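The data block below is structure10.txt; it holds compact mmCIF, C-alpha atoms and all ligand atoms.
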# COMPACT_ATOMS: atom_id res chain seq x y z
CA MET I 1307 -16.29 -33.36 -5.62
CA PRO I 1308 -17.47 -30.13 -3.93
CA LEU I 1309 -15.53 -27.83 -1.59
CA SER I 1310 -15.56 -28.81 2.09
CA VAL I 1311 -16.68 -25.30 3.12
CA LYS I 1312 -19.81 -23.21 2.45
CA HIS I 1313 -17.99 -19.87 2.79
CA LEU I 1314 -14.41 -18.96 1.90
CA LEU I 1315 -13.42 -17.17 5.09
CA GLY I 1316 -9.78 -18.20 5.26
CA ILE I 1317 -7.23 -20.69 3.98
CA LYS I 1318 -7.01 -22.01 7.54
CA ASP I 1319 -10.37 -23.80 7.00
CA LEU I 1320 -9.49 -25.38 3.63
CA THR I 1321 -8.21 -28.90 3.01
CA LEU I 1322 -5.43 -29.69 0.54
CA GLN I 1323 -8.15 -31.24 -1.68
CA ASP I 1324 -10.06 -27.93 -1.63
CA ILE I 1325 -6.93 -26.06 -2.74
CA GLU I 1326 -6.27 -28.55 -5.54
CA LEU I 1327 -9.90 -28.40 -6.68
CA ILE I 1328 -9.72 -24.60 -6.84
CA PHE I 1329 -6.51 -24.80 -8.92
CA GLN I 1330 -7.93 -27.36 -11.36
CA THR I 1331 -11.06 -25.26 -11.80
CA ALA I 1332 -8.91 -22.14 -12.29
CA ASP I 1333 -6.91 -23.99 -14.99
CA ASN I 1334 -10.16 -24.42 -16.94
CA PHE I 1335 -11.19 -20.80 -16.46
CA LYS I 1336 -7.74 -19.64 -17.57
CA GLU I 1337 -8.43 -21.40 -20.87
CA VAL I 1338 -11.75 -19.52 -21.11
CA LEU I 1339 -9.92 -16.22 -20.54
CA LYS I 1340 -7.67 -16.92 -23.53
CA ARG I 1341 -10.64 -17.26 -25.91
CA PRO I 1342 -11.84 -14.34 -28.09
CA ILE I 1343 -15.15 -14.43 -26.14
CA LYS I 1344 -14.08 -14.55 -22.51
CA LYS I 1345 -17.51 -15.05 -21.02
CA VAL I 1346 -19.41 -18.16 -19.89
CA PRO I 1347 -23.05 -18.39 -18.70
CA THR I 1348 -22.14 -20.37 -15.54
CA LEU I 1349 -23.54 -17.92 -12.91
CA ARG I 1350 -26.29 -16.40 -15.03
CA ASP I 1351 -28.95 -16.47 -12.30
CA THR I 1352 -26.62 -15.57 -9.43
CA THR I 1353 -26.52 -12.13 -7.84
CA ILE I 1354 -23.29 -11.09 -6.15
CA VAL I 1355 -22.62 -8.03 -4.03
CA ASN I 1356 -19.10 -6.68 -3.58
CA LEU I 1357 -19.10 -5.17 -0.09
CA PHE I 1358 -15.94 -3.12 0.31
CA PHE I 1359 -15.54 -1.36 3.65
CA GLU I 1360 -11.86 -0.69 2.96
CA ASN I 1361 -9.92 0.68 -0.02
CA SER I 1362 -9.03 -1.66 -2.84
CA THR I 1363 -8.09 -1.44 -6.50
CA ARG I 1364 -6.93 -4.77 -7.84
CA THR I 1365 -8.87 -7.15 -5.59
CA ARG I 1366 -12.11 -5.35 -6.26
CA ILE I 1367 -11.63 -5.07 -10.01
CA SER I 1368 -10.48 -8.69 -10.13
CA PHE I 1369 -13.60 -9.94 -8.32
CA GLU I 1370 -15.88 -7.79 -10.45
CA LEU I 1371 -14.27 -9.00 -13.65
CA ALA I 1372 -14.48 -12.63 -12.49
CA GLU I 1373 -18.19 -12.15 -11.70
CA LYS I 1374 -18.88 -10.57 -15.09
CA ARG I 1375 -16.92 -13.26 -16.97
CA LEU I 1376 -19.24 -15.80 -15.27
CA SER I 1377 -22.35 -13.74 -16.28
CA ALA I 1378 -23.42 -13.03 -12.67
CA ASP I 1379 -25.46 -9.93 -11.80
CA VAL I 1380 -23.15 -7.63 -9.86
CA ILE I 1381 -23.79 -4.93 -7.27
CA ASN I 1382 -20.96 -2.77 -5.93
CA PHE I 1383 -21.03 -1.25 -2.48
CA THR I 1384 -18.40 1.15 -1.19
CA ALA I 1385 -18.65 2.00 2.51
CA SER I 1386 -17.33 5.53 2.08
CA ALA I 1387 -20.29 6.36 -0.20
CA SER I 1388 -22.98 4.59 1.88
CA SER I 1389 -25.25 4.83 4.91
CA VAL I 1390 -22.46 3.30 7.03
CA LYS I 1391 -21.33 6.93 7.25
CA LYS I 1392 -24.73 7.69 8.82
CA GLY I 1393 -24.15 5.19 11.64
CA GLU I 1394 -25.81 2.02 10.26
CA THR I 1395 -24.55 -1.28 11.77
CA LEU I 1396 -22.85 -3.96 9.67
CA ILE I 1397 -25.74 -6.43 10.04
CA ASP I 1398 -28.34 -3.80 9.13
CA THR I 1399 -26.38 -2.74 6.05
CA VAL I 1400 -26.00 -6.31 4.91
CA ASN I 1401 -29.58 -7.40 5.69
CA ASN I 1402 -30.92 -4.48 3.68
CA ILE I 1403 -28.80 -5.52 0.73
CA LEU I 1404 -29.76 -9.18 1.13
CA ALA I 1405 -33.48 -8.28 1.25
CA MET I 1406 -32.92 -7.54 -2.43
CA LYS I 1407 -32.15 -11.30 -2.90
CA VAL I 1408 -28.39 -11.53 -3.14
CA ASP I 1409 -26.80 -15.01 -3.31
CA LEU I 1410 -23.16 -14.28 -2.62
CA VAL I 1411 -21.30 -11.61 -0.67
CA ILE I 1412 -17.68 -10.67 -1.34
CA MET I 1413 -16.46 -8.73 1.65
CA ARG I 1414 -13.45 -6.64 2.58
CA HIS I 1415 -13.35 -5.10 6.05
CA SER I 1416 -10.71 -3.57 8.30
CA ALA I 1417 -11.87 -5.63 11.32
CA CYS I 1418 -10.46 -9.15 11.74
CA GLY I 1419 -13.32 -11.67 11.77
CA ALA I 1420 -15.94 -9.37 10.19
CA PRO I 1421 -16.85 -11.93 7.47
CA HIS I 1422 -16.85 -14.78 10.04
CA PHE I 1423 -19.27 -12.77 12.20
CA LEU I 1424 -21.50 -12.04 9.24
CA SER I 1425 -21.54 -15.69 8.14
CA LYS I 1426 -23.32 -16.55 11.40
CA HIS I 1427 -26.08 -14.03 10.75
CA ILE I 1428 -26.98 -14.25 7.07
CA GLN I 1429 -28.05 -16.94 4.61
CA ALA I 1430 -25.85 -15.86 1.67
CA ALA I 1431 -22.43 -17.43 1.10
CA ILE I 1432 -19.46 -15.19 1.92
CA VAL I 1433 -16.04 -14.86 0.33
CA ASN I 1434 -13.48 -12.97 2.40
CA ALA I 1435 -11.62 -10.41 0.27
CA GLY I 1436 -9.40 -9.38 3.21
CA ASP I 1437 -10.29 -8.90 6.91
CA GLY I 1438 -7.92 -6.64 8.83
CA ILE I 1439 -4.62 -8.36 9.53
CA ASN I 1440 -6.23 -11.81 9.56
CA GLU I 1441 -6.60 -13.44 6.11
CA HIS I 1442 -6.83 -12.69 2.39
CA PRO I 1443 -7.56 -16.18 1.03
CA THR I 1444 -7.97 -15.45 -2.69
CA GLN I 1445 -4.63 -13.60 -2.73
CA ALA I 1446 -2.83 -16.63 -1.26
CA LEU I 1447 -4.57 -18.94 -3.73
CA LEU I 1448 -3.53 -16.82 -6.70
CA ASP I 1449 0.01 -16.59 -5.30
CA SER I 1450 0.34 -20.37 -4.99
CA PHE I 1451 -1.34 -20.87 -8.37
CA SER I 1452 1.28 -18.54 -9.89
CA ILE I 1453 4.14 -20.46 -8.23
CA ARG I 1454 2.64 -23.74 -9.49
CA GLU I 1455 2.40 -22.29 -13.01
CA LYS I 1456 5.99 -21.04 -12.94
CA LEU I 1457 7.72 -23.93 -11.12
CA GLY I 1458 5.39 -26.85 -11.86
CA ASP I 1459 4.52 -27.55 -8.23
CA VAL I 1460 4.34 -25.82 -4.84
CA LYS I 1461 5.29 -28.93 -2.83
CA GLY I 1462 8.92 -28.85 -1.71
CA LYS I 1463 9.50 -25.26 -2.89
CA LYS I 1464 11.20 -22.74 -0.62
CA VAL I 1465 9.30 -19.48 -0.24
CA ALA I 1466 10.53 -16.39 1.62
CA ILE I 1467 7.86 -13.92 2.72
CA VAL I 1468 9.56 -10.56 3.12
CA GLY I 1469 8.67 -7.47 5.13
CA ASP I 1470 5.79 -6.47 7.37
CA ILE I 1471 4.62 -9.88 8.54
CA THR I 1472 2.82 -8.62 11.66
CA HIS I 1473 0.30 -6.47 9.80
CA SER I 1474 -0.15 -8.62 6.70
CA ARG I 1475 -3.19 -10.76 5.97
CA VAL I 1476 -1.42 -11.78 2.76
CA ALA I 1477 1.40 -13.28 4.85
CA MET I 1478 -1.02 -15.21 7.08
CA SER I 1479 -3.02 -16.70 4.22
CA ASN I 1480 0.15 -17.49 2.27
CA ILE I 1481 1.69 -19.32 5.22
CA TYR I 1482 -1.42 -21.52 5.65
CA CYS I 1483 -1.69 -22.12 1.91
CA LEU I 1484 1.99 -22.93 1.31
CA LYS I 1485 2.32 -25.17 4.36
CA LYS I 1486 -0.81 -27.17 3.43
CA GLN I 1487 0.77 -27.84 0.04
CA GLY I 1488 4.10 -28.95 1.54
CA ALA I 1489 6.23 -25.88 0.76
CA GLU I 1490 8.88 -24.60 3.18
CA VAL I 1491 8.38 -21.04 4.41
CA THR I 1492 10.79 -18.49 5.85
CA VAL I 1493 9.60 -15.09 7.04
CA VAL I 1494 12.14 -12.27 6.94
CA GLY I 1495 11.96 -8.65 8.03
CA PRO I 1496 12.93 -6.35 10.89
CA PRO I 1497 12.34 -7.94 14.34
CA THR I 1498 9.72 -5.24 15.05
CA LEU I 1499 7.62 -6.45 12.11
CA ILE I 1500 7.66 -10.20 12.85
CA PRO I 1501 5.46 -11.56 15.68
CA LYS I 1502 7.48 -13.38 18.37
CA TYR I 1503 5.36 -16.57 18.31
CA MET I 1504 5.72 -16.97 14.54
CA ALA I 1505 8.15 -19.91 14.33
CA GLU I 1506 6.38 -22.14 16.88
CA ALA I 1507 2.78 -21.19 16.09
CA MET I 1508 2.99 -21.21 12.32
CA GLY I 1509 5.79 -23.70 11.66
CA VAL I 1510 7.92 -21.31 9.63
CA ASN I 1511 11.61 -20.32 9.77
CA VAL I 1512 12.35 -16.79 10.95
CA THR I 1513 15.35 -14.68 9.99
CA TYR I 1514 16.14 -10.98 10.14
CA ASN I 1515 18.77 -11.24 7.41
CA LEU I 1516 17.39 -10.58 3.94
CA ARG I 1517 20.41 -11.84 1.97
CA GLU I 1518 20.36 -15.13 3.90
CA ALA I 1519 16.64 -15.62 3.13
CA LEU I 1520 17.12 -14.82 -0.55
CA GLU I 1521 20.08 -17.22 -0.85
CA TRP I 1522 17.83 -19.95 0.61
CA CYS I 1523 14.60 -19.44 -1.34
CA ASP I 1524 13.20 -20.27 -4.78
CA VAL I 1525 10.57 -17.53 -4.53
CA ALA I 1526 10.44 -14.25 -2.59
CA ASN I 1527 6.95 -12.87 -1.94
CA VAL I 1528 7.56 -9.24 -0.97
CA LEU I 1529 5.01 -7.32 1.10
CA ARG I 1530 4.09 -3.68 1.41
CA ILE I 1531 4.79 -1.91 4.70
CA GLN I 1532 1.26 -1.50 6.12
CA LEU I 1533 1.81 1.99 7.54
CA GLU I 1534 -1.96 2.49 7.91
CA ARG I 1535 -2.04 -0.36 10.48
CA GLN I 1536 1.00 0.73 12.51
CA ASN I 1537 0.11 3.05 15.33
CA MET I 1538 3.71 3.59 16.47
CA PRO I 1539 6.99 3.86 14.56
CA LEU I 1540 8.44 0.35 14.05
CA PHE I 1541 11.54 1.34 12.06
CA SER I 1542 13.49 4.58 11.71
CA SER I 1543 12.61 5.65 8.18
CA LEU I 1544 11.51 4.25 4.83
CA ARG I 1545 14.99 5.00 3.51
CA GLU I 1546 16.57 2.86 6.22
CA TYR I 1547 13.99 0.11 5.58
CA ASN I 1548 14.95 0.10 1.91
CA LEU I 1549 18.62 -0.13 2.81
CA PHE I 1550 18.18 -3.26 4.95
CA TYR I 1551 15.02 -4.92 3.58
CA GLY I 1552 14.41 -3.43 0.13
CA ILE I 1553 15.20 -5.72 -2.81
CA SER I 1554 17.63 -4.13 -5.25
CA ARG I 1555 19.06 -5.35 -8.56
CA GLU I 1556 22.49 -5.43 -7.01
CA LEU I 1557 21.30 -7.72 -4.21
CA LEU I 1558 19.63 -10.12 -6.68
CA ASP I 1559 22.67 -10.14 -8.98
CA GLY I 1560 24.89 -11.04 -6.02
CA LEU I 1561 22.93 -14.26 -5.29
CA HIS I 1562 24.11 -17.63 -6.51
CA LYS I 1563 20.88 -18.38 -8.37
CA GLU I 1564 17.91 -16.70 -10.01
CA ILE I 1565 14.87 -16.43 -7.75
CA ILE I 1566 11.27 -15.45 -8.57
CA ILE I 1567 9.94 -12.14 -7.23
CA MET I 1568 6.28 -11.75 -6.27
CA HIS I 1569 4.28 -8.90 -4.73
CA PRO I 1570 0.51 -8.67 -4.02
CA GLY I 1571 0.45 -4.95 -4.89
CA PRO I 1572 0.21 -2.07 -4.44
CA ILE I 1573 4.01 -1.72 -4.64
CA ASN I 1574 5.83 1.07 -2.89
CA ARG I 1575 8.64 1.46 -5.40
CA GLY I 1576 11.94 2.33 -3.77
CA VAL I 1577 10.78 0.97 -0.39
CA GLU I 1578 10.27 -2.81 -0.48
CA LEU I 1579 11.14 -3.24 -4.16
CA ASN I 1580 13.30 -1.12 -6.41
CA SER I 1581 11.87 -0.46 -9.87
CA ASP I 1582 14.60 -2.38 -11.69
CA VAL I 1583 13.49 -5.47 -9.75
CA ALA I 1584 9.72 -4.90 -9.93
CA ASP I 1585 9.89 -4.52 -13.71
CA SER I 1586 12.49 -7.24 -14.34
CA LYS I 1587 12.03 -10.66 -15.98
CA GLN I 1588 12.35 -12.29 -12.56
CA SER I 1589 9.18 -10.57 -11.39
CA ILE I 1590 5.83 -12.33 -11.95
CA ILE I 1591 3.74 -9.54 -10.42
CA LEU I 1592 1.55 -9.01 -13.49
CA GLN I 1593 1.06 -12.77 -13.96
CA GLN I 1594 -0.24 -12.82 -10.37
CA VAL I 1595 -2.80 -10.16 -11.29
CA GLU I 1596 -3.80 -12.08 -14.41
CA ASN I 1597 -4.17 -15.34 -12.46
CA GLY I 1598 -6.27 -13.53 -9.86
CA VAL I 1599 -9.24 -13.41 -12.22
CA ALA I 1600 -9.15 -17.17 -13.00
CA ILE I 1601 -8.73 -18.02 -9.30
CA ARG I 1602 -11.67 -15.81 -8.31
CA MET I 1603 -13.83 -17.30 -11.08
CA ALA I 1604 -13.00 -20.75 -9.67
CA VAL I 1605 -13.83 -19.72 -6.10
CA LEU I 1606 -17.12 -18.07 -7.10
CA TYR I 1607 -18.14 -21.06 -9.20
CA LEU I 1608 -17.35 -23.58 -6.44
CA ILE I 1609 -18.89 -21.54 -3.62
CA ALA I 1610 -22.04 -20.83 -5.66
CA GLY I 1611 -22.31 -24.56 -6.48
CA LYS I 1612 -21.95 -25.42 -2.80
CA LYS I 1613 -24.67 -22.91 -1.92
CA ALA I 1614 -27.04 -24.43 -4.47
CA GLU I 1615 -26.50 -27.80 -2.74
CA ASN I 1616 -27.76 -26.49 0.64
C1 LIG L 1701 -3.12 -6.51 -0.25
C2 LIG L 1701 -4.23 -6.26 0.73
O1 LIG L 1701 -5.08 -5.40 0.53
O2 LIG L 1701 -4.25 -6.97 1.70
N1 LIG L 1701 -3.34 -6.06 -1.54
C3 LIG L 1701 -4.15 -6.76 -2.38
O3 LIG L 1701 -5.19 -7.25 -2.01
N2 LIG L 1701 -3.71 -6.93 -3.63
C4 LIG L 1701 -1.81 -6.10 0.26
C5 LIG L 1701 -1.56 -4.66 0.58
O4 LIG L 1701 -2.45 -3.85 0.69
O5 LIG L 1701 -0.38 -4.37 0.78

Reformat the file's structure so that it appears as structure tokens.
Amino acid sequence: MPLSVKHLLGIKDLTLQDIELIFQTADNFKEVLKRPIKKVPTLRDTTIVNLFFENSTRTRISFELAEKRLSADVINFTASASSVKKGETLIDTVNNILAMKVDLVIMRHSACGAPHFLSKHIQAAIVNAGDGINEHPTQALLDSFSIREKLGDVKGKKVAIVGDITHSRVAMSNIYCLKKQGAEVTVVGPPTLIPKYMAEAMGVNVTYNLREALEWCDVANVLRIQLERQNMPLFSSLREYNLFYGISRELLDGLHKEIIIMHPGPINRGVELNSDVADSKQSIILQQVENGVAIRMAVLYLIAGKKAEN
């Protein structure tokens, strides 16, 4: 059974069957990654370009590693070191790269909808690696895959998404992904960092009280404050943010149960998460990173297979 989509632009477009297919495929690739030789010839004749118009460490390395584990030919493009700086348009940049016969484009861009726009103008399949504040589908898939691995299932689980909801593509993709799988979602943060329409439009619970959300949830997915996307002050200081919305050991120890702590990275230690929480046994942050490679191998394999069909 193939995916229902040609491109992976957002979780919004996926069916529950797509999500389950990606997880089952990732289970198989996770086995491959445990072998002494972690490489398979699956994408041997496929050329993939990683088009990164915005900074990235883990997502970019994770995609590149996934591509190399599948034996694809890989080209890396960083906007800051390219002709984009000389005024070239997005379509011109991409068409020049595609003239070199590229099959798949992995794209990160600061503008919402950039990969959707591109998908209407080029033949290659596109995987969105984060577009502005819109979506970051592979992050949400690896987050849910990590919850499934830890708790057996995502269905029926209670997940709190904590922090800067307004500026977070990770929050958006996670909400779509968790809701499609039948999880319950609460968003929690300062009122200035949660969009007003959230509860009605996205079908989530909203609270401004961190302790209340943590008492309720099985899993807390904690987000970074996206200062680079905020063009006006939305809270008094990082110190005050940490006081009200940072997760400390003391706060976790005061709960009536043990919850799981997740974070997409990069962490701002001492702001949204204190170090004794980030590095504790409750945190599955490094498992998320590890699962990211298997999830991206699954997505690349399924999207490349879908492209071959067309
Ligand atoms: C996230 C991103 O870039 O959207 N990071 C990531 O991909 N691992 C979250 C963030 O930057 O805070």

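Taking atom CA of Glu1578 of chain I and atom CA of Ile1412 of chain I as the two end points, the separation is 29.0 Å.
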
Counting all atoms listed in the file, name the residues that have an atom within 7 Å of an atom of ligand LIG 1701 (chain L); the answer should be given as a list in words.
Ser1362, Arg1364, Thr1365, Gly1436, His1442, Gln1445, Ser1474, Arg1475, Val1476, Leu1529, Arg1530, Ile1531, Gln1532, Pro1570, Gly1571 and Pro1572 of chain I

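Atom CA of Asp1437 of chain I lies 24.9 Å from atom CA of Asn1511 of chain I.
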
Using Å and a single decimal, report how far atom CA of Leu1516 of chain I sits from atom CA of Ala1489 of chain I.
19.2 Å

Show me, as a VMD selection string, the residues that have an atom within 12 Å of Leu1592 of chain I when counting all atoms listed in the file, minus same-chain residues fewer than 2 positions from it.
chain I and resid 1364 1448 to 1449 1452 1567 to 1573 1584 to 1590 1594 to 1599

May I have the residues within 12 Å of Asn1401 of chain I as a count of residues only, using all atoms listed in the file and disregarding those fewer than 6 positions away in the same chain?
12

Starting from the sparse input, extend segment 1478-1508 of chain I to N, CA and C atoms and give the output as an mmCIF file, in the coordinates of the input.
data_model
loop_
_atom_site.group_PDB
_atom_site.id
_atom_site.type_symbol
_atom_site.label_atom_id
_atom_site.label_comp_id
_atom_site.auth_asym_id
_atom_site.auth_seq_id
_atom_site.Cartn_x
_atom_site.Cartn_y
_atom_site.Cartn_z
ATOM 1 N N MET I 1478 -0.322 -14.142 6.337
ATOM 2 C CA MET I 1478 -1.020 -15.210 7.080
ATOM 3 C C MET I 1478 -1.622 -16.241 6.132
ATOM 4 N N SER I 1479 -2.367 -15.754 5.139
ATOM 5 C CA SER I 1479 -3.020 -16.700 4.220
ATOM 6 C C SER I 1479 -1.990 -17.467 3.416
ATOM 7 N N ASN I 1480 -0.896 -16.798 3.021
ATOM 8 C CA ASN I 1480 0.150 -17.490 2.270
ATOM 9 C C ASN I 1480 0.798 -18.582 3.101
ATOM 10 N N ILE I 1481 1.048 -18.302 4.364
ATOM 11 C CA ILE I 1481 1.690 -19.320 5.220
ATOM 12 C C ILE I 1481 0.796 -20.562 5.301
ATOM 13 N N TYR I 1482 -0.492 -20.364 5.588
ATOM 14 C CA TYR I 1482 -1.420 -21.520 5.650
ATOM 15 C C TYR I 1482 -1.414 -22.269 4.318
ATOM 16 N N CYS I 1483 -1.532 -21.520 3.238
ATOM 17 C CA CYS I 1483 -1.690 -22.120 1.910
ATOM 18 C C CYS I 1483 -0.427 -22.898 1.513
ATOM 19 N N LEU I 1484 0.732 -22.292 1.707
ATOM 20 C CA LEU I 1484 1.990 -22.930 1.310
ATOM 21 C C LEU I 1484 2.275 -24.157 2.154
ATOM 22 N N LYS I 1485 2.039 -24.040 3.461
ATOM 23 C CA LYS I 1485 2.320 -25.170 4.360
ATOM 24 C C LYS I 1485 1.396 -26.359 4.039
ATOM 25 N N LYS I 1486 0.124 -26.068 3.758
ATOM 26 C CA LYS I 1486 -0.810 -27.170 3.430
ATOM 27 C C LYS I 1486 -0.356 -27.915 2.188
ATOM 28 N N GLN I 1487 0.325 -27.197 1.280
ATOM 29 C CA GLN I 1487 0.770 -27.840 0.040
ATOM 30 C C GLN I 1487 2.172 -28.449 0.156
ATOM 31 N N GLY I 1488 2.787 -28.332 1.343
ATOM 32 C CA GLY I 1488 4.100 -28.950 1.540
ATOM 33 C C GLY I 1488 5.268 -28.095 1.091
ATOM 34 N N ALA I 1489 5.088 -26.771 1.047
ATOM 35 C CA ALA I 1489 6.230 -25.880 0.760
ATOM 36 C C ALA I 1489 6.914 -25.544 2.085
ATOM 37 N N GLU I 1490 8.175 -25.089 1.982
ATOM 38 C CA GLU I 1490 8.880 -24.600 3.180
ATOM 39 C C GLU I 1490 8.804 -23.088 3.179
ATOM 40 N N VAL I 1491 8.564 -22.491 4.352
ATOM 41 C CA VAL I 1491 8.380 -21.040 4.410
ATOM 42 C C VAL I 1491 9.356 -20.413 5.396
ATOM 43 N N THR I 1492 9.983 -19.315 4.958
ATOM 44 C CA THR I 1492 10.790 -18.490 5.850
ATOM 45 C C THR I 1492 10.198 -17.089 5.843
ATOM 46 N N VAL I 1493 9.998 -16.493 7.019
ATOM 47 C CA VAL I 1493 9.600 -15.090 7.040
ATOM 48 C C VAL I 1493 10.831 -14.263 7.396
ATOM 49 N N VAL I 1494 10.973 -13.129 6.721
ATOM 50 C CA VAL I 1494 12.140 -12.270 6.940
ATOM 51 C C VAL I 1494 11.711 -10.815 6.967
ATOM 52 N N GLY I 1495 12.285 -10.073 7.902
ATOM 53 C CA GLY I 1495 11.960 -8.650 8.030
ATOM 54 C C GLY I 1495 12.607 -8.138 9.294
ATOM 55 N N PRO I 1496 12.379 -6.876 9.625
ATOM 56 C CA PRO I 1496 12.930 -6.350 10.890
ATOM 57 C C PRO I 1496 12.241 -7.036 12.078
ATOM 58 N N PRO I 1497 12.943 -7.257 13.176
ATOM 59 C CA PRO I 1497 12.340 -7.940 14.340
ATOM 60 C C PRO I 1497 11.051 -7.253 14.803
ATOM 61 N N THR I 1498 10.938 -5.953 14.604
ATOM 62 C CA THR I 1498 9.720 -5.240 15.050
ATOM 63 C C THR I 1498 8.520 -5.539 14.163
ATOM 64 N N LEU I 1499 8.736 -6.172 13.022
ATOM 65 C CA LEU I 1499 7.620 -6.450 12.110
ATOM 66 C C LEU I 1499 7.336 -7.951 11.959
ATOM 67 N N ILE I 1500 7.941 -8.747 12.862
ATOM 68 C CA ILE I 1500 7.660 -10.200 12.850
ATOM 69 C C ILE I 1500 7.179 -10.601 14.246
ATOM 70 N N PRO I 1501 5.954 -11.165 14.359
ATOM 71 C CA PRO I 1501 5.460 -11.560 15.680
ATOM 72 C C PRO I 1501 6.388 -12.589 16.331
ATOM 73 N N LYS I 1502 6.543 -12.506 17.640
ATOM 74 C CA LYS I 1502 7.480 -13.380 18.370
ATOM 75 C C LYS I 1502 7.118 -14.861 18.299
ATOM 76 N N TYR I 1503 5.800 -15.169 18.266
ATOM 77 C CA TYR I 1503 5.360 -16.570 18.310
ATOM 78 C C TYR I 1503 5.447 -17.263 16.949
ATOM 79 N N MET I 1504 5.820 -16.517 15.930
ATOM 80 C CA MET I 1504 5.720 -16.970 14.540
ATOM 81 C C MET I 1504 6.248 -18.391 14.274
ATOM 82 N N ALA I 1505 7.508 -18.639 14.672
ATOM 83 C CA ALA I 1505 8.150 -19.910 14.330
ATOM 84 C C ALA I 1505 7.369 -21.088 14.929
ATOM 85 N N GLU I 1506 7.059 -21.011 16.226
ATOM 86 C CA GLU I 1506 6.380 -22.140 16.880
ATOM 87 C C GLU I 1506 4.934 -22.254 16.415
ATOM 88 N N ALA I 1507 4.219 -21.125 16.380
ATOM 89 C CA ALA I 1507 2.780 -21.190 16.090
ATOM 90 C C ALA I 1507 2.488 -21.512 14.640
ATOM 91 N N MET I 1508 3.324 -21.056 13.733
ATOM 92 C CA MET I 1508 2.990 -21.210 12.320
ATOM 93 C C MET I 1508 3.896 -22.210 11.594
#
